[in-house]
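Participant: This is the structure I want to talk about, given as structure tokens.
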Amino acid sequence: MSECRRTFLKRAGCAALGAGSLPLLAAAGRSMAEIASQPAPAAKQWGLVVDLKKCRSASLRQACIEACHAAHNVPSMPEPRQKIEWIWSEPFGAVFGDQIHARTPDQRKTEPVLVLCNHCSQPACTKVCPTGATWKRAADGIVMMDMHRCIGCRYCMAACPYGARSFNWQDPRPYIANIRPDYPTRTKGVVEKCDFCAERLRTGGVPACVEAAASVAGGAGALTFGDLADPQSAVSQLLRQQDTICRRPSLGTGPSVFYIL
Amino acid sequence: MLRSILRGNIRFALLLAALALVLAAGLAAYARQYSAGLAVTGLGREVTWGLYIAQFTFLVGVAASAVMVVIPYYLHDVRAFGRMLILGESLAVAAVTMSMLFVFVDLGQPRRVLNVLLYPCPNSLMFWDVLALGGYLLLNLVLGAFSLESERQGAPPPGWLKACVFLSIPWAVSIHTVTAFLYSGLAARPFWLTPILAPRFLASAFASGPALLILLGLILRRFARYDPGREAIARLATIVTYALLVNLFFVLVEVFTAVYSGVPEHRHALEYLFLGLDGHGPLVLWMWASVLLSVGSVVVLLLPGVRRRDGWLAAVCVAVIAAVWIEKGLGMVVAGFVPTPLGRVPDYAPTATEILITLGVYALGLLVLAVLCRIVLEVRARAARG
């Protein structure tokens with residue numbers, strides 16, 4: 001009797017193991033097919049130039065943040081540590097900790113800076129994702145996020161040197177003031193972040209924050225968006241003409257968001 | 001076999017019942033987390049990993065340490081480890097099971113866990129860690145099961161088992177190395193971004209794992225009339241001593257580089273752990289306790305008259321396990337998030353739910369270990385009866 005049970009348990013174990021590994025084989029075949037069907041990467045990289053002087057207006061920053069968060073159904077979480085943010089404001093001293101020194105005037109240290117995902121050329125976050133739920137889109141350089149594939153391990157949040165990623169610690173839907181039907185809401189347990197408004201770019205638009213900044217009085221040129229690979233684009237011209245900095249260049253991530261001092 | 005595990009021995013039945021009770025409490029807590037989300041934990045956007053991932057790290061070390069019995073026995077023909085070997089493999093099985101479960105309970109979307117295999121990403125260390133841990137679990141199960149089976153039949157173990165043994169040696173090293181790389185490859189976290197992390201992990205693992213094995217051996221000798229042998233325990237104590245010394249040395253090397261160079265981002269996390277940073281120092285007492293326990297254990301282990309006494313040895317082993325547990329199971333993971341990329345010093349404290357889930361996973365691991373040990377004991381008792 002006990003022999004039979006042992007044999008049964010062994011066989012059941014092997015069968016479960018075998019059945020478990022089948023999808024792995026299937027996936028291996030599929031991912032090869034996916035790689036083959038991808039178009040050749042176009043040398044394009046969306047980028048953003050933020051003019052800090054023009055962003056000193058609190059109402060301008062607020063307009064940018066609100067436009068983005070409303071467009072993407074970003075919830076307002078009451079608990080600060082569960083906050084979800086795609087674009088927000090931080091003091092200069094916190095954002096550019098390696099650019100300030102003992103004699104930097106307080107005015108500079110506290111100057112508000114709009115921060116968002118840097119859509120790096122060598123993203124630290126996509127490299128660590130165990131499921132390919134976040135990746136750098138070859139066609140336009142946007143660091144994308146598939147909230148349906150994300151398993152919520154938060155490895156990308158540990159890897160991002162900019163704190164640009166947020167996690168849904170609980171169901172976000174009760175905390176969205178007005179749910180927009182044209183953009184998906186998220187479920188609990190997944191990571192999200194700025195996607196440079198990939199959905200608006202698809203139809204020829206510009207990111208919501210850029211549009212909002214331009215619509216505020218005195219906001220022209222506060223945020224400039226364009227293709228970093230195109231030397232004639234507005235961003236490329238600004239980067240040639242102005243003194244700009246980016247966040248933590250020493251880490252080698254290659255941010256695509258720049259700041260005019 | 002299964003029936004005889006549960007029959008008889010009332011003390012063992014009580015142990016299983018107690019563990020099952022803790023496991024049930026853990027499951028209830030997990031049900032709460034499953035439906036409400038990870039908001040029930042103390043984690044947040046700044047400290048995104050906490051108690052669970054720290055336990056995972058600690059337990060991978062415990063699992064890897066089975067190699068400290070396998071190497072002497074198979075490579076250096078230390079026959080004294082003959083009765084300890086299977087205990088090491090059982091401990092490895094239990095520890096890997098727990099470490100994998102700790103990653104699982106940390107997931108925001110546990111139902112999607114198979115995505116790691118469905119969309120394999122070799123660029124992610126987590127993918128390799130899943131493979132390494134899964135493979136190691138399988139190896140130890142096969143090793144334990146087949147060597148025990150041949151023992152039961154009074155036949156020599158099959159030849160191919162030796163190949164599994166030799167494979168398991170580098171594999172054990174790999175599970176903890178890959179786990180260290182998971183952290184030490186992140187440019188964003190200066191506290192983890194150090195090449196000594198993997199060596200440190202291995203050193204502390206080879207102290208805490210064998211210490212656990214000694215405890216297990218002493219417990220089995222006292223309560224189950226199974227003597228793994230005086231020499232085996234004495235040799236393990238030597239391994240614990242030197243592993244602990246090497247670990248202390250590695251920690252000092254790290255502290256020196258951070259303190260003497262004075263580079264703020266290398267200093268800050270250590271300050272947070274040992275002195276407190278910006279008025280935040282929730283782990284300061286713990287960390288100093290860990291240092292004291294480590295140093296004290298080394299001193300005691302180096303005194304031959306003391307370490308040969310079972311009571312002292314058991315106390316030292318508990319101290320070593322506690323010291324490494326504080327270092328890896330409390331400090332290492334959380335300090336990596338301090339200060340945040342934006343320079344803040346966040347607070348993290350696990351919630352009751354988080355602690356219950358953690359206890360539940362440990363209870364399950366101990367259940368696995370208890371049952372495996374019981375099987376071993378039963379087979380050996382039968383073999384002894386002939």
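Letters A, B, ... go to the chains of the structure tokens in the order shown; residues in each chain start at 1; ligands are counted from 1 in the same order.
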Would you please extract all strand (DSSP E) residues from region 41-216 of chain A, as assigned by DSSP on the backbone, and give them as a list in words?

Facilitator: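 Across region 41-216 of chain A, those assigned strand (DSSP E) are Trp46, Gly47, Leu48, Val49, Val50, Asp51, Ile87, Trp88, Ser89, Glu90, Pro91, Pro112, Val113, Leu114, Val115, Leu116, Thr134, Trp135, Lys136, Val143, Met144, Met145, Ser166, Phe167, Val191 and Glu192 of chain A.
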
Participant: Considering only C-alpha atoms, tabulate each residue of chain B that lies at most 6 Å from chain A along with its nearest interatomic pair and the corresponding distance in Å to one decimal; arrange the rows by chain and ascending residue number and present them as CSV.

Facilitator:
```
residue,atom,partner,partner_atom,distance
B:Gly37,CA,A:Gln170,CA,4.8
B:Leu38,CA,A:Trp169,CA,5.0
B:Ala39,CA,A:Trp169,CA,4.6
B:Gly44,CA,A:Arg81,CA,4.6
B:Arg45,CA,A:Arg81,CA,5.6
B:Leu107,CA,A:Cys153,CA,4.9
B:Gly108,CA,A:Gly189,CA,3.6
B:Gln109,CA,A:Ile151,CA,4.7
B:Arg112,CA,A:Ile151,CA,5.5
B:Asn115,CA,A:Thr131,CA,5.8
B:Val116,CA,A:Thr131,CA,5.1
B:Leu117,CA,A:Leu24,CA,5.6
B:Leu118,CA,A:Ala27,CA,5.3
B:Tyr119,CA,A:Thr131,CA,5.3
B:Cys121,CA,A:Pro130,CA,5.4
B:Asn123,CA,A:Lys127,CA,5.8
B:Ser124,CA,A:Val128,CA,4.3
B:Met126,CA,A:Pro130,CA,5.7
B:Phe127,CA,A:Pro130,CA,5.4
B:Leu186,CA,A:Ala159,CA,5.5
B:Ala188,CA,A:Pro161,CA,4.2
B:Pro341,CA,A:Tyr162,CA,5.7
B:Leu342,CA,A:Ala94,CA,4.9
B:Gly343,CA,A:Ala94,CA,5.8
```

Participant: Residues at most 12 Å from Ala232 (chain B), counting only C-alpha atoms, excluding those fewer than 3 positions away in the same chain, as a ChimeraX atom specification?

Facilitator: /B:68-69,72-73,78-85,87-88,210,213-214,217-218,227-229,235-239

Participant: Interatomic distance between CA of Arg221 (chain B) and CA of Val295 (chain B)?

Facilitator: 27.9 Å

Participant: DSSP on the backbone, alpha helix (DSSP H) only: what residues of region 34-244 of chain A does that give? Format it as a PyMOL selection string.

Facilitator: chain A and resi 34-37+58-71+92-95+106-109+124-128+155-159+198-202+208-215+234-241

Participant: Please list as a list in words every residue within 12 Å of Leu141 (chain B), counting only C-alpha atoms and excluding residues in the same chain fewer than 5 positions away.

Facilitator: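 The filter keeps Lys10 and Gly13 of chain A; Ile86, Leu87, Gly88, Glu89, Ser90, Leu91, Ala92, Val93, Ala94, Val96, Thr97, Gly134, Gly135, Tyr136, Phe146, Ser147, Leu148, Glu149, Leu161, Cys164, Val165, Ser168, Val368 and Leu372 of chain B.
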
Participant: What does the file look like for those residues with N, CA and C atoms, as a PDB file, in the first residue's frame?

Facilitator:
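Result file part-v2.pdb:
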```pdb
ATOM      1  N   LYS A  10       5.445  10.090  -6.557  1.00  0.00           N
ATOM      2  CA  LYS A  10       6.589  10.386  -7.431  1.00  0.00           C
ATOM      3  C   LYS A  10       6.101  10.751  -8.824  1.00  0.00           C
ATOM      4  N   GLY A  13       4.375  14.044  -8.962  1.00  0.00           N
ATOM      5  CA  GLY A  13       5.353  15.136  -8.888  1.00  0.00           C
ATOM      6  C   GLY A  13       5.999  15.375 -10.233  1.00  0.00           C
TER       7      GLY A  13
ATOM      8  N   ILE B  86      22.348  14.335   5.135  1.00  0.00           N
ATOM      9  CA  ILE B  86      20.937  14.375   4.751  1.00  0.00           C
ATOM     10  C   ILE B  86      20.197  15.489   5.498  1.00  0.00           C
ATOM     11  N   LEU B  87      20.695  15.814   6.698  1.00  0.00           N
ATOM     12  CA  LEU B  87      20.083  16.929   7.427  1.00  0.00           C
ATOM     13  C   LEU B  87      20.348  18.241   6.689  1.00  0.00           C
ATOM     14  N   GLY B  88      21.578  18.367   6.167  1.00  0.00           N
ATOM     15  CA  GLY B  88      21.923  19.560   5.381  1.00  0.00           C
ATOM     16  C   GLY B  88      21.019  19.692   4.172  1.00  0.00           C
ATOM     17  N   GLU B  89      20.797  18.570   3.492  1.00  0.00           N
ATOM     18  CA  GLU B  89      19.938  18.617   2.297  1.00  0.00           C
ATOM     19  C   GLU B  89      18.495  18.945   2.684  1.00  0.00           C
ATOM     20  N   SER B  90      18.032  18.385   3.807  1.00  0.00           N
ATOM     21  CA  SER B  90      16.663  18.684   4.246  1.00  0.00           C
ATOM     22  C   SER B  90      16.520  20.157   4.587  1.00  0.00           C
ATOM     23  N   LEU B  91      17.536  20.690   5.284  1.00  0.00           N
ATOM     24  CA  LEU B  91      17.509  22.106   5.642  1.00  0.00           C
ATOM     25  C   LEU B  91      17.504  22.970   4.378  1.00  0.00           C
ATOM     26  N   ALA B  92      18.295  22.548   3.378  1.00  0.00           N
ATOM     27  CA  ALA B  92      18.337  23.294   2.125  1.00  0.00           C
ATOM     28  C   ALA B  92      16.961  23.313   1.461  1.00  0.00           C
ATOM     29  N   VAL B  93      16.312  22.150   1.439  1.00  0.00           N
ATOM     30  CA  VAL B  93      14.985  22.074   0.814  1.00  0.00           C
ATOM     31  C   VAL B  93      14.016  23.024   1.527  1.00  0.00           C
ATOM     32  N   ALA B  94      14.028  22.959   2.869  1.00  0.00           N
ATOM     33  CA  ALA B  94      13.110  23.818   3.626  1.00  0.00           C
ATOM     34  C   ALA B  94      13.435  25.297   3.393  1.00  0.00           C
ATOM     35  N   VAL B  96      15.055  26.785   0.835  1.00  0.00           N
ATOM     36  CA  VAL B  96      14.736  27.270  -0.522  1.00  0.00           C
ATOM     37  C   VAL B  96      13.228  27.457  -0.666  1.00  0.00           C
ATOM     38  N   THR B  97      12.472  26.502  -0.117  1.00  0.00           N
ATOM     39  CA  THR B  97      11.008  26.628  -0.182  1.00  0.00           C
ATOM     40  C   THR B  97      10.571  27.947   0.440  1.00  0.00           C
ATOM     41  N   GLY B 134      14.989  27.322  -8.096  1.00  0.00           N
ATOM     42  CA  GLY B 134      14.190  26.172  -8.506  1.00  0.00           C
ATOM     43  C   GLY B 134      15.077  24.956  -8.736  1.00  0.00           C
ATOM     44  N   GLY B 135      16.174  25.159  -9.443  1.00  0.00           N
ATOM     45  CA  GLY B 135      17.101  24.067  -9.731  1.00  0.00           C
ATOM     46  C   GLY B 135      17.715  23.506  -8.461  1.00  0.00           C
ATOM     47  N   TYR B 136      18.041  24.396  -7.544  1.00  0.00           N
ATOM     48  CA  TYR B 136      18.669  23.967  -6.294  1.00  0.00           C
ATOM     49  C   TYR B 136      17.699  23.147  -5.447  1.00  0.00           C
ATOM     50  N   PHE B 146      16.960  10.072  -3.267  1.00  0.00           N
ATOM     51  CA  PHE B 146      17.594   8.875  -3.818  1.00  0.00           C
ATOM     52  C   PHE B 146      18.640   8.283  -2.884  1.00  0.00           C
ATOM     53  N   SER B 147      19.360   9.158  -2.146  1.00  0.00           N
ATOM     54  CA  SER B 147      20.344   8.567  -1.238  1.00  0.00           C
ATOM     55  C   SER B 147      19.629   7.856  -0.096  1.00  0.00           C
ATOM     56  N   LEU B 148      18.501   8.418   0.316  1.00  0.00           N
ATOM     57  CA  LEU B 148      17.742   7.776   1.397  1.00  0.00           C
ATOM     58  C   LEU B 148      17.128   6.458   0.916  1.00  0.00           C
ATOM     59  N   GLU B 149      16.647   6.472  -0.319  1.00  0.00           N
ATOM     60  CA  GLU B 149      16.024   5.273  -0.885  1.00  0.00           C
ATOM     61  C   GLU B 149      17.036   4.134  -0.970  1.00  0.00           C
ATOM     62  N   LEU B 161      24.060   9.761  -9.118  1.00  0.00           N
ATOM     63  CA  LEU B 161      23.788  10.648  -7.995  1.00  0.00           C
ATOM     64  C   LEU B 161      25.026  11.476  -7.651  1.00  0.00           C
ATOM     65  N   CYS B 164      25.078  14.578  -9.543  1.00  0.00           N
ATOM     66  CA  CYS B 164      24.193  15.573  -8.936  1.00  0.00           C
ATOM     67  C   CYS B 164      24.883  16.250  -7.760  1.00  0.00           C
ATOM     68  N   VAL B 165      25.629  15.449  -6.978  1.00  0.00           N
ATOM     69  CA  VAL B 165      26.336  15.999  -5.828  1.00  0.00           C
ATOM     70  C   VAL B 165      27.315  17.078  -6.295  1.00  0.00           C
ATOM     71  N   SER B 168      25.685  20.109  -7.397  1.00  0.00           N
ATOM     72  CA  SER B 168      25.054  20.898  -6.334  1.00  0.00           C
ATOM     73  C   SER B 168      26.050  21.843  -5.652  1.00  0.00           C
ATOM     74  N   VAL B 368       8.022  21.598   6.828  1.00  0.00           N
ATOM     75  CA  VAL B 368       8.715  20.815   5.798  1.00  0.00           C
ATOM     76  C   VAL B 368       9.949  20.154   6.409  1.00  0.00           C
ATOM     77  N   LEU B 372      10.619  16.152   6.850  1.00  0.00           N
ATOM     78  CA  LEU B 372      11.773  15.545   6.174  1.00  0.00           C
ATOM     79  C   LEU B 372      12.667  14.837   7.194  1.00  0.00           C
TER      80      LEU B 372
END
```

Participant: Give the answer as one residue: which of A:Gln62, A:Gln241, A:Gln45, A:Asn73 has the shortest atom-to-atom distance to Ile142 (chain A), using only C-alpha atoms?

Facilitator: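 The shortest atom-to-atom distance to Ile142 (chain A) comes from A:Gln45.
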
Participant: From the options B:Phe223, B:Arg382, B:Thr358, B:Ala352, which residue's atoms come nearest to Val40 (chain B), counting only C-alpha atoms?

Facilitator: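 Result for the nearest residue to Val40 (chain B): B:Ala352.
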